[in-house]
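Working notes, structure below.
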Amino acid sequence: MLSTRLVAILLTGLLLSACQTMTPEERRAADEAKCRDYGFRARTESFANCLMKLELDRRAERRSFRDSAAMDPWYPWGPPLVIERRVIIRD
């Protein structure tokens, strides 16, 4: 019984450690390495454009995921709420 709990605790810790995200510094270093791999030289305008495009792609991916998840009926908050205010004009 004790060994089963110990294994469960260890597996939970292992799964949680796999969910670790990159720090901003690690992400920047990875982006710089990717742009260097593409052949851009550091401290040039094309290198800066490469970094900018990588960041813009990352943001677009996040927006796309967020928007597609929001349209899912099983998403906790449901689809976006649209409030319509009708104005009735009488002659």
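Letters A, B, ... go to the chains of the structure tokens in the order shown; residues in each chain start at 1; ligands are counted from 1 in the same order.
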
Who sits within 7 Å of segment 49-66 of chain A, only C-alpha atoms, same chain under 5 positions skipped, as a list in words: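 The residues that qualify are Asp31, Glu32 and Cys35 of chain A.
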
Selection above as a file: N, CA, C and O atoms, as a CSV table (one decimal), in the first residue's frame:
```csv
chain,number,residue,atom,x,y,z
A,31,ASP,N,15.4,31.5,-29.8
A,31,ASP,CA,15.1,32.3,-31.0
A,31,ASP,C,16.4,32.8,-31.7
A,31,ASP,O,16.5,32.7,-32.9
A,32,GLU,N,17.3,33.3,-30.9
A,32,GLU,CA,18.6,33.8,-31.5
A,32,GLU,C,19.3,32.6,-32.2
A,32,GLU,O,19.9,32.8,-33.3
A,35,CYS,N,17.6,31.9,-35.5
A,35,CYS,CA,17.9,32.9,-36.5
A,35,CYS,C,19.3,32.7,-37.1
A,35,CYS,O,19.6,32.9,-38.2
```

All residues 10 Å or closer to Arg36 of chain A, only C-alpha atoms, same chain fewer than 6 positions away omitted, as a count of residues only: 4

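If you look at atom CA of Thr12 of chain A and atom CA of Glu25 of chain A, they are 27.4 Å away from each other.
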
Length of the atom CA of Asp37 of chain A to atom CA of Pro24 of chain A vector [Å]: 19.7 Å

For atom CA of Thr21 of chain A and atom CA of Ala48 of chain A, the interatomic separation in Å (one decimal): 23.8 Å
